[in-house]
Amino acid sequence: MSQSDLYIAWWQNLHSGYSATDGATVRILAGSAGTHHVSYVYSTAAGGWLLRITDSAGASTSSVVLAEDRWQRIVVRFQLASAGLGSRSSWLDGIADLAVTGLSNAGSISALQVGVVAGSGSVTATIDLDEIKIGTSYADVQGSVVSGPWSVGEAAPCAQTTLIVTRRGDADSEAWGEYYRSARSIPRAHWCRVPCTANENLADYATFQAEVETPLGDWLNLNTAVAANITTIVLGYHVPGSFSAGGSNYSAASRLMRLGSARSARTTNPLYDATGASVTAATRLTRAALDAAGVAYLVHRMDGPTLADAEALVDRAVALEGVTLAGTLWIDPYGLQGAGYEGYEDELESWANGLLRQRLKLATELSAASDPGSNVVFDELTDDDAYFGWHSTTGSADFFGDQGSGVRALFYDGDSYAMTTLRSVATSRWCPLALAAGYALTAGPTDEPLVTAALRPGALFESLRVGHTWAEAFCLATPYIDDFMTAAGDPLAVVAFPLAGWHGYRRPGPPTGFAPAELIAAAPPGVAAVTLPPLDWSAGGQWTLELRPVDSAGNELADPHAVRCVALDASGQLFPPAPAPLRSLTVQPTAGARLAVAWRYVDAPGGVAAERFEIFVGPATGQSPEELLAIGAAAEVSVDAGEAGLFGWTSLPLATGQSWRVGVRAASAGAAGPVAWRTACTQPSEAPVIGMLIAEVR
């Protein structure tokens, strides 16, 4: 007989609560003539059911106890041949189990029966079977992968591109895996169980290879249908987190980001973005993008002191998706002083005072410059959404104060050994302390990273702001892989930042110009002044600054907005100074097809006093604010006409049923303040327009 392969596979759920005598069997698959079949054999000594494969050359019994109360993928191979060329093999959950070769099992298989087809001994059991497949190769019978509206390799990190890794035979690790899989609806085929010890830190790289890296690589090479889409790997509860090599403690997750390549410590991350300037909502880390860059996978840890702690990380990440941050971002840019450290400190200061940080629209607490080598300068964190700092070498639980309105989404401190453990809170290391305090996501190194390997906040926060996952944000922010830096927490977590507030723009030229506007500032609601990042303000130049309100959906509103023309003299100083902006402005229709305009104005302390108010009126459609300013004021009102800072003016009759744009600004002899704009319709049935506060960009 010529050599021939037959693969049979199925999902099974063997329910606990059965009764069976020692040696009892349940035949689950039977071939023709009774020569090829698969049975489950109950073993009192093993404490469960074992897999037995029988063919015309005899039988083999596995030593691995079958899983109970969960779905398990079983694959059996009959290689039919004479003259000692045949074999019988099995795989449990994608990992090789039985492998018996040199068989003369030339009996033919012309028919198969699947299900409980026979048995012996006393057995009462419930076994569910699903997705039974027959083929001539392992690839033919792999478990189905849930597909999405994308081609292979085009999906960003999500449930359908995530692989769970747990410790084989560990009930708690298994329980965590099912808890995470269920919470994220990850396909049941996306689960690899490696034969590792429960040690968090392994003695050497060879041990890590034997326990984790090689079994994981073999699983992916075998289960090609899953591997084709995987972007993200989660090392779960009781899976090792680091290994020693050359006197240092290296990150398991960072190493596996180069799975399939020879180990090369401190490999430059080809996806690293030092500033976050190139991050957009469209720049997703798909399987295709990872392949193009030469990065194998995005790998994170989810571990903790207890199973409940590890499951809490799942709950917190899922809960993040239902809230918008409303607390405080704490930033500590100041760490070690001296040669080699100034650059990183400058980077953090620049980000903390720059546009990318402003666009987060969070209240921010910035530390003061510290003495060389000092620890955290904040006494404690309160109302905290996130923390980013460095060289706070030891911590304590007391650092985490009243959470208040904070969500505790992300904590990072560039401590040299922040991630040496996730399984103990009896430590001064920041990562386990942050998770114990309720944070969902954290990151840190397993050994001294040096400042060149520290995370960069620009890419980290900008990636999260535009809607990327924690997996993508961490990858873009870390300079090296196959190194020390490690991310903990659900890689699929997303963080929602507030959208409402203000956006500040500038464009060259006067308000009548039409040059493209450049976003230069952002602020949350209630903030009346922001510090602009360094910009090119050429002496003798002129710019138009515009402040636009943004609603809770992130939409910029056309009205009301404030516009100010800024001119610099030959020495680069503002010239001329102008009056303050209006405090409020309302416009509403009144009898006789007129518009009643009311505003409130108070001179800024120490500023230029207003001498008059200029009023601009024109159709709301067909004429832009810039064009109305170019036409000139329709009327002027003296500052003496008001009382207690309140002023008013009524227009001449206007065309009825039409929407009109009205602008008002304070003016002095030398300059005019920003214009406040409102629109209203002359139809009396229109509801009155409610005024809004106008804030000046400074």
# chains A, B, ... in the order shown; residues from 1 in each chain; ligands from 1
>>> residues_around(residues="stretch 451-463 of chain A", least_positions_apart="5", cutoff="7 Å", atoms="only C-alpha atoms", output="mmCIF file with C-alpha atoms, in the first residue's frame")
data_model
loop_
_atom_site.group_PDB
_atom_site.id
_atom_site.type_symbol
_atom_site.label_atom_id
_atom_site.label_comp_id
_atom_site.auth_asym_id
_atom_site.auth_seq_id
_atom_site.Cartn_x
_atom_site.Cartn_y
_atom_site.Cartn_z
ATOM 1 C CA ASP A 273 8.241 57.658 16.356
ATOM 2 C CA ALA A 274 10.343 59.944 18.551
ATOM 3 C CA THR A 275 7.904 62.870 18.638
ATOM 4 C CA GLY A 276 4.517 61.539 17.510
ATOM 5 C CA VAL A 279 0.911 59.625 14.011
ATOM 6 C CA TYR A 341 20.244 63.379 30.495
ATOM 7 C CA TYR A 344 15.342 63.584 27.450
ATOM 8 C CA TRP A 351 5.939 67.892 24.887
ATOM 9 C CA LEU A 356 0.322 67.486 21.196
ATOM 10 C CA GLY A 414 11.032 55.573 33.700
ATOM 11 C CA HIS A 468 -5.239 53.572 18.426
ATOM 12 C CA ALA A 473 0.696 53.339 21.202
ATOM 13 C CA PHE A 474 3.339 51.473 23.190
ATOM 14 C CA LEU A 476 5.298 53.600 18.472
ATOM 15 C CA ALA A 477 6.730 55.094 21.672
ATOM 16 C CA THR A 478 9.462 52.563 22.487
ATOM 17 C CA PRO A 479 12.888 53.052 20.843
ATOM 18 C CA TYR A 480 14.082 49.428 21.098
#
>>> residues_around(residues="A:Gly143", least_positions_apart="6", cutoff="9 Å", atoms="only C-alpha atoms", output="list in words")
Ala9, Trp10, Trp11, Arg73, Glu131, Lys133, Arg188, Ala189, Asn223, Ala225 and Val226 of chain A
>>> write_last_selection(atoms="N, CA and C atoms", output="mmCIF file, in the first residue's frame")
data_model
loop_
_atom_site.group_PDB
_atom_site.id
_atom_site.type_symbol
_atom_site.label_atom_id
_atom_site.label_comp_id
_atom_site.auth_asym_id
_atom_site.auth_seq_id
_atom_site.Cartn_x
_atom_site.Cartn_y
_atom_site.Cartn_z
ATOM 1 N N ALA A 9 -10.181 16.211 12.768
ATOM 2 C CA ALA A 9 -10.111 17.191 13.851
ATOM 3 C C ALA A 9 -11.513 17.574 14.307
ATOM 4 N N TRP A 10 -11.611 17.976 15.567
ATOM 5 C CA TRP A 10 -12.887 18.422 16.103
ATOM 6 C C TRP A 10 -12.648 19.269 17.354
ATOM 7 N N TRP A 11 -13.620 20.130 17.641
ATOM 8 C CA TRP A 11 -13.662 20.822 18.936
ATOM 9 C C TRP A 11 -14.491 19.966 19.872
ATOM 10 N N ARG A 73 -9.355 21.839 20.975
ATOM 11 C CA ARG A 73 -9.214 21.358 19.598
ATOM 12 C C ARG A 73 -8.336 20.113 19.581
ATOM 13 N N GLU A 131 -17.536 21.507 14.854
ATOM 14 C CA GLU A 131 -16.609 21.799 13.757
ATOM 15 C C GLU A 131 -15.685 20.612 13.467
ATOM 16 N N LYS A 133 -13.710 18.213 11.073
ATOM 17 C CA LYS A 133 -13.102 18.363 9.752
ATOM 18 C C LYS A 133 -12.252 17.142 9.418
ATOM 19 N N ARG A 188 -11.961 31.136 19.627
ATOM 20 C CA ARG A 188 -11.410 30.083 20.476
ATOM 21 C C ARG A 188 -10.170 29.430 19.874
ATOM 22 N N ALA A 189 -9.982 29.565 18.566
ATOM 23 C CA ALA A 189 -8.775 29.013 17.934
ATOM 24 C C ALA A 189 -7.544 29.856 18.233
ATOM 25 N N ASN A 223 -0.243 26.377 13.092
ATOM 26 C CA ASN A 223 -1.604 26.911 12.955
ATOM 27 C C ASN A 223 -1.579 28.156 12.062
ATOM 28 N N ALA A 225 -3.532 29.337 9.719
ATOM 29 C CA ALA A 225 -4.734 30.144 9.489
ATOM 30 C C ALA A 225 -4.862 31.231 10.543
ATOM 31 N N VAL A 226 -4.494 30.907 11.790
ATOM 32 C CA VAL A 226 -4.509 31.908 12.858
ATOM 33 C C VAL A 226 -3.350 32.879 12.670
#
>>> residues_around(residues="A:Glu211", least_positions_apart="4", cutoff="8 Å", atoms="only C-alpha atoms", output="VMD selection string")
chain A and resid 194 to 197 207 215
>>> closest_residue(among="A:Leu360, A:Gln623, A:Asp383, A:Gln403", to="A:Leu499", atoms="only C-alpha atoms")
A:Leu360
>>> residues_around(residues="stretch 285-296 of chain A", least_positions_apart="4", cutoff="12 Å", atoms="only C-alpha atoms", output="compact mmCIF listing (two decimals) with N, CA and C atoms, in the first residue's frame")
# COMPACT_ATOMS: atom_id res chain seq x y z
N TRP A 150 -12.14 42.65 6.16
CA TRP A 150 -10.81 43.02 5.71
C TRP A 150 -10.18 41.82 5.01
N SER A 151 -9.12 42.09 4.28
CA SER A 151 -8.33 41.03 3.70
C SER A 151 -7.28 40.61 4.72
N VAL A 152 -6.69 39.43 4.52
CA VAL A 152 -5.67 38.94 5.45
C VAL A 152 -4.56 39.98 5.60
N GLY A 153 -4.23 40.31 6.83
CA GLY A 153 -3.14 41.22 7.10
C GLY A 153 -3.52 42.68 7.18
N GLU A 154 -4.77 43.02 6.91
CA GLU A 154 -5.16 44.43 6.84
C GLU A 154 -5.84 44.96 8.10
N ALA A 155 -6.07 44.11 9.09
CA ALA A 155 -6.78 44.55 10.29
C ALA A 155 -5.80 45.06 11.34
N ALA A 156 -6.17 46.17 11.98
CA ALA A 156 -5.42 46.67 13.12
C ALA A 156 -5.70 45.77 14.33
N PRO A 157 -4.95 45.91 15.42
CA PRO A 157 -5.18 45.06 16.58
C PRO A 157 -6.63 45.06 17.05
N CYS A 158 -7.19 43.88 17.16
CA CYS A 158 -8.57 43.69 17.59
C CYS A 158 -8.71 42.25 18.03
N GLN A 160 -10.00 39.70 16.59
CA GLN A 160 -9.72 38.74 15.53
C GLN A 160 -8.24 38.68 15.14
N THR A 161 -7.41 39.55 15.73
CA THR A 161 -5.98 39.52 15.42
C THR A 161 -5.15 39.30 16.69
N THR A 162 -5.77 38.80 17.74
CA THR A 162 -5.10 38.64 19.03
C THR A 162 -4.95 37.16 19.39
N GLY A 217 6.53 29.56 18.86
CA GLY A 217 6.87 29.61 17.44
C GLY A 217 6.37 28.40 16.69
N LEU A 220 2.57 28.67 16.11
CA LEU A 220 2.22 29.60 15.03
C LEU A 220 2.57 29.01 13.67
N VAL A 226 -4.49 30.91 11.79
CA VAL A 226 -4.51 31.91 12.86
C VAL A 226 -3.35 32.88 12.67
N ALA A 227 -2.16 32.34 12.44
CA ALA A 227 -0.95 33.16 12.37
C ALA A 227 -1.02 34.22 11.28
N ALA A 228 -1.77 33.95 10.22
CA ALA A 228 -1.81 34.89 9.09
C ALA A 228 -2.36 36.25 9.48
N ASN A 229 -3.20 36.31 10.51
CA ASN A 229 -3.82 37.58 10.90
C ASN A 229 -3.32 38.15 12.22
N ILE A 230 -2.58 37.37 12.99
CA ILE A 230 -2.20 37.79 14.35
C ILE A 230 -1.29 39.02 14.31
N THR A 231 -1.69 40.06 15.04
CA THR A 231 -0.84 41.23 15.26
C THR A 231 -0.37 41.30 16.70
N THR A 232 -1.17 40.74 17.61
CA THR A 232 -1.01 41.02 19.03
C THR A 232 -1.01 39.72 19.83
N ILE A 233 -0.05 39.60 20.74
CA ILE A 233 0.05 38.43 21.60
C ILE A 233 -0.02 38.88 23.05
N ALA A 253 8.23 39.86 26.73
CA ALA A 253 7.36 40.47 25.72
C ALA A 253 8.18 41.17 24.65
N SER A 254 9.21 41.92 25.07
CA SER A 254 10.03 42.63 24.10
C SER A 254 10.78 41.66 23.20
N ARG A 255 11.26 40.55 23.76
CA ARG A 255 11.93 39.55 22.94
C ARG A 255 10.99 38.99 21.88
N LEU A 256 9.75 38.70 22.27
CA LEU A 256 8.81 38.07 21.33
C LEU A 256 8.33 39.03 20.26
N MET A 257 8.62 40.32 20.39
CA MET A 257 8.32 41.24 19.30
C MET A 257 9.21 40.96 18.09
N ARG A 258 10.24 40.15 18.29
CA ARG A 258 11.11 39.71 17.19
C ARG A 258 11.08 38.18 17.07
N LEU A 259 9.99 37.57 17.46
CA LEU A 259 9.86 36.12 17.37
C LEU A 259 10.13 35.66 15.93
N GLY A 260 10.96 34.63 15.81
CA GLY A 260 11.32 34.13 14.49
C GLY A 260 12.65 34.64 14.00
N SER A 261 13.21 35.65 14.68
CA SER A 261 14.54 36.17 14.36
C SER A 261 15.49 35.85 15.50
N ALA A 262 16.77 35.69 15.16
CA ALA A 262 17.76 35.40 16.18
C ALA A 262 17.81 36.54 17.20
N THR A 267 17.62 45.92 19.80
CA THR A 267 17.42 46.15 18.38
C THR A 267 16.57 47.41 18.18
N THR A 268 17.00 48.28 17.30
CA THR A 268 16.24 49.50 17.03
C THR A 268 14.84 49.15 16.53
N ASN A 269 13.85 49.76 17.12
CA ASN A 269 12.46 49.52 16.73
C ASN A 269 12.17 50.31 15.45
N PRO A 270 11.92 49.64 14.33
CA PRO A 270 11.69 50.36 13.07
C PRO A 270 10.39 51.16 13.05
N LEU A 271 9.50 50.92 14.00
CA LEU A 271 8.22 51.64 14.04
C LEU A 271 8.24 52.80 15.03
N TYR A 272 9.36 53.02 15.67
CA TYR A 272 9.47 54.06 16.70
C TYR A 272 9.29 55.45 16.09
N VAL A 279 2.05 60.46 13.61
CA VAL A 279 0.91 59.62 14.01
C VAL A 279 -0.39 60.23 13.51
N THR A 280 -1.19 59.44 12.83
CA THR A 280 -2.53 59.85 12.42
C THR A 280 -3.49 58.71 12.70
N ALA A 281 -4.76 58.99 12.61
CA ALA A 281 -5.77 57.95 12.84
C ALA A 281 -5.64 56.82 11.84
N SER A 463 -0.99 58.66 19.78
CA SER A 463 -1.57 57.43 19.24
C SER A 463 -2.86 57.08 19.97
N HIS A 468 -5.98 54.82 18.53
CA HIS A 468 -5.24 53.57 18.43
C HIS A 468 -5.36 52.78 19.73
N THR A 469 -4.99 51.51 19.67
CA THR A 469 -4.99 50.66 20.85
C THR A 469 -3.72 50.89 21.67
N TRP A 470 -3.76 50.40 22.91
CA TRP A 470 -2.59 50.46 23.78
C TRP A 470 -1.41 49.73 23.14
N ALA A 471 -1.66 48.63 22.43
CA ALA A 471 -0.59 47.90 21.77
C ALA A 471 0.14 48.78 20.76
N GLU A 472 -0.61 49.51 19.96
CA GLU A 472 0.00 50.37 18.95
C GLU A 472 0.73 51.55 19.57
N ALA A 473 0.10 52.17 20.56
CA ALA A 473 0.70 53.34 21.20
C ALA A 473 2.04 52.99 21.84
N PHE A 474 2.09 51.88 22.55
CA PHE A 474 3.34 51.47 23.19
C PHE A 474 4.42 51.20 22.15
N CYS A 475 4.07 50.50 21.10
CA CYS A 475 5.06 50.16 20.07
C CYS A 475 5.65 51.42 19.44
N LEU A 476 4.82 52.38 19.11
CA LEU A 476 5.30 53.60 18.47
C LEU A 476 6.18 54.43 19.40
N TYR A 480 13.43 50.71 21.36
CA TYR A 480 14.08 49.43 21.10
C TYR A 480 13.14 48.27 21.37
N ILE A 481 13.40 47.15 20.68
CA ILE A 481 12.72 45.89 20.97
C ILE A 481 13.79 44.82 21.19
N ASP A 482 13.36 43.65 21.66
CA ASP A 482 14.33 42.63 22.07
C ASP A 482 15.18 43.22 23.20
>>> residues_around(residues="A:Ser244", least_positions_apart="2", cutoff="7 Å", atoms="only C-alpha atoms", output="PyMOL selection string")
chain A and resi 202-205+246-250
>>> residues_around(residues="stretch 421-430 of chain A", least_positions_apart="2", cutoff="6 Å", atoms="only C-alpha atoms", output="ChimeraX atom specification")
/A:304-305,394-396,418-419,432-434
>>> closest_atom_pairs(of="stretch 361-450 of chain A", to="stretch 520-544 of chain A", cutoff="10 Å", atoms="only C-alpha atoms", output="JSON lines")
{"residue": "A:Lys361", "atom": "CA", "partner": "A:Pro524", "partner_atom": "CA", "distance": 4.6}
{"residue": "A:Leu362", "atom": "CA", "partner": "A:Pro524", "partner_atom": "CA", "distance": 6.5}
{"residue": "A:Ala363", "atom": "CA", "partner": "A:Pro524", "partner_atom": "CA", "distance": 7.6}
>>> closest_residue(among="A:Gly241, A:Ile109, A:Leu519, A:Ala500", to="A:Asn555", atoms="only C-alpha atoms")
A:Ala500
>>> atom_distance(atom1="atom CA of A:Ala598", atom2="atom CA of A:Leu629")
19.3 Å
>>> atom_distance(atom1="atom CA of A:Arg357", atom2="atom CA of A:Arg507")
21.4 Å
>>> atom_distance(atom1="atom CA of A:Ile186", atom2="atom CA of A:Phe411")
26.3 Å
>>> closest_residue(among="A:Leu652, A:Cys681, A:Ala580, A:Leu320", to="A:Ala667", atoms="only C-alpha atoms")
A:Ala580
>>> select_by_dssp(residues="stretch 174-290 of chain A", states="strand (DSSP E)", output="JSON, numbers by chain")
{"A": [191, 192, 193, 194, 201, 202, 232, 233, 234, 235, 242, 243, 244, 245, 248, 249, 250, 251, 267, 268]}
>>> closest_residue(among="A:Pro549, A:Gly327, A:Gly389, A:Gly169", to="A:Gly404", atoms="only C-alpha atoms")
A:Gly327
>>> decode(residues="stretch 203-289 of chain A", atoms="C-alpha atoms", output="JSON list (two decimals), in the first residue's frame")
[["chain", "number", "residue", "atom", "x", "y", "z"],
["A", 203, "ALA", "CA", 17.25, 31.77, 34.84],
["A", 204, "ASP", "CA", 18.52, 32.17, 31.28],
["A", 205, "TYR", "CA", 17.56, 32.59, 27.65],
["A", 206, "ALA", "CA", 17.81, 28.87, 26.90],
["A", 207, "THR", "CA", 15.17, 28.19, 29.53],
["A", 208, "PHE", "CA", 12.92, 30.88, 28.07],
["A", 209, "GLN", "CA", 13.33, 29.35, 24.63],
["A", 210, "ALA", "CA", 12.43, 25.89, 25.89],
["A", 211, "GLU", "CA", 9.43, 27.03, 27.94],
["A", 212, "VAL", "CA", 7.93, 29.82, 25.83],
["A", 213, "GLU", "CA", 9.63, 30.98, 22.65],
["A", 214, "THR", "CA", 10.07, 27.67, 20.83],
["A", 215, "PRO", "CA", 6.63, 26.19, 21.71],
["A", 216, "LEU", "CA", 4.96, 29.45, 20.73],
["A", 217, "GLY", "CA", 6.87, 29.61, 17.44],
["A", 218, "ASP", "CA", 6.03, 26.00, 16.66],
["A", 219, "TRP", "CA", 2.36, 26.62, 17.40],
["A", 220, "LEU", "CA", 2.22, 29.60, 15.03],
["A", 221, "ASN", "CA", 4.08, 27.69, 12.31],
["A", 222, "LEU", "CA", 1.58, 24.85, 12.61],
["A", 223, "ASN", "CA", -1.60, 26.91, 12.95],
["A", 224, "THR", "CA", -1.11, 29.02, 9.85],
["A", 225, "ALA", "CA", -4.73, 30.14, 9.49],
["A", 226, "VAL", "CA", -4.51, 31.91, 12.86],
["A", 227, "ALA", "CA", -0.95, 33.16, 12.37],
["A", 228, "ALA", "CA", -1.81, 34.89, 9.09],
["A", 229, "ASN", "CA", -3.82, 37.58, 10.90],
["A", 230, "ILE", "CA", -2.20, 37.79, 14.35],
["A", 231, "THR", "CA", -0.84, 41.23, 15.26],
["A", 232, "THR", "CA", -1.01, 41.02, 19.03],
["A", 233, "ILE", "CA", 0.05, 38.43, 21.60],
["A", 234, "VAL", "CA", -0.96, 38.49, 25.26],
["A", 235, "LEU", "CA", 1.25, 36.67, 27.78],
["A", 236, "GLY", "CA", -1.31, 35.76, 30.41],
["A", 237, "TYR", "CA", -1.45, 34.81, 34.05],
["A", 238, "HIS", "CA", 1.49, 32.64, 35.21],
["A", 239, "VAL", "CA", 3.41, 32.97, 31.93],
["A", 240, "PRO", "CA", 7.07, 34.05, 32.49],
["A", 241, "GLY", "CA", 7.74, 37.77, 32.08],
["A", 242, "SER", "CA", 11.54, 37.95, 31.83],
["A", 243, "PHE", "CA", 14.78, 35.99, 31.57],
["A", 244, "SER", "CA", 18.40, 36.61, 32.55],
["A", 245, "ALA", "CA", 21.15, 36.99, 29.98],
["A", 246, "GLY", "CA", 24.60, 38.51, 30.28],
["A", 247, "GLY", "CA", 23.92, 39.82, 33.77],
["A", 248, "SER", "CA", 20.72, 41.67, 32.77],
["A", 249, "ASN", "CA", 17.04, 40.82, 33.07],
["A", 250, "TYR", "CA", 15.39, 40.97, 29.63],
["A", 251, "SER", "CA", 11.70, 41.34, 28.85],
["A", 252, "ALA", "CA", 9.89, 38.28, 27.52],
["A", 253, "ALA", "CA", 7.36, 40.47, 25.72],
["A", 254, "SER", "CA", 10.03, 42.63, 24.10],
["A", 255, "ARG", "CA", 11.93, 39.55, 22.94],
["A", 256, "LEU", "CA", 8.81, 38.07, 21.33],
["A", 257, "MET", "CA", 8.32, 41.24, 19.30],
["A", 258, "ARG", "CA", 11.11, 39.71, 17.19],
["A", 259, "LEU", "CA", 9.86, 36.12, 17.37],
["A", 260, "GLY", "CA", 11.32, 34.13, 14.49],
["A", 261, "SER", "CA", 14.54, 36.17, 14.36],
["A", 262, "ALA", "CA", 17.76, 35.40, 16.18],
["A", 263, "ARG", "CA", 18.02, 37.19, 19.50],
["A", 264, "SER", "CA", 19.78, 40.56, 19.21],
["A", 265, "ALA", "CA", 19.57, 42.63, 22.37],
["A", 266, "ARG", "CA", 18.57, 46.28, 21.99],
["A", 267, "THR", "CA", 17.42, 46.15, 18.38],
["A", 268, "THR", "CA", 16.24, 49.50, 17.03],
["A", 269, "ASN", "CA", 12.46, 49.52, 16.73],
["A", 270, "PRO", "CA", 11.69, 50.36, 13.07],
["A", 271, "LEU", "CA", 8.22, 51.64, 14.04],
["A", 272, "TYR", "CA", 9.47, 54.06, 16.70],
["A", 273, "ASP", "CA", 8.24, 57.66, 16.36],
["A", 274, "ALA", "CA", 10.34, 59.94, 18.55],
["A", 275, "THR", "CA", 7.90, 62.87, 18.64],
["A", 276, "GLY", "CA", 4.52, 61.54, 17.51],
["A", 277, "ALA", "CA", 4.50, 64.00, 14.62],
["A", 278, "SER", "CA", 3.72, 61.30, 12.04],
["A", 279, "VAL", "CA", 0.91, 59.62, 14.01],
["A", 280, "THR", "CA", -2.53, 59.85, 12.42],
["A", 281, "ALA", "CA", -5.77, 57.95, 12.84],
["A", 282, "ALA", "CA", -4.99, 56.09, 9.60],
["A", 283, "THR", "CA", -1.49, 54.90, 10.56],
["A", 284, "ARG", "CA", -2.55, 51.57, 12.06],
["A", 285, "LEU", "CA", -0.24, 48.68, 12.89],
["A", 286, "THR", "CA", -1.81, 45.96, 10.78],
["A", 287, "ARG", "CA", -0.23, 42.58, 10.06],
["A", 288, "ALA", "CA", 0.93, 43.99, 6.72],
["A", 289, "ALA", "CA", 2.44, 47.06, 8.41]]
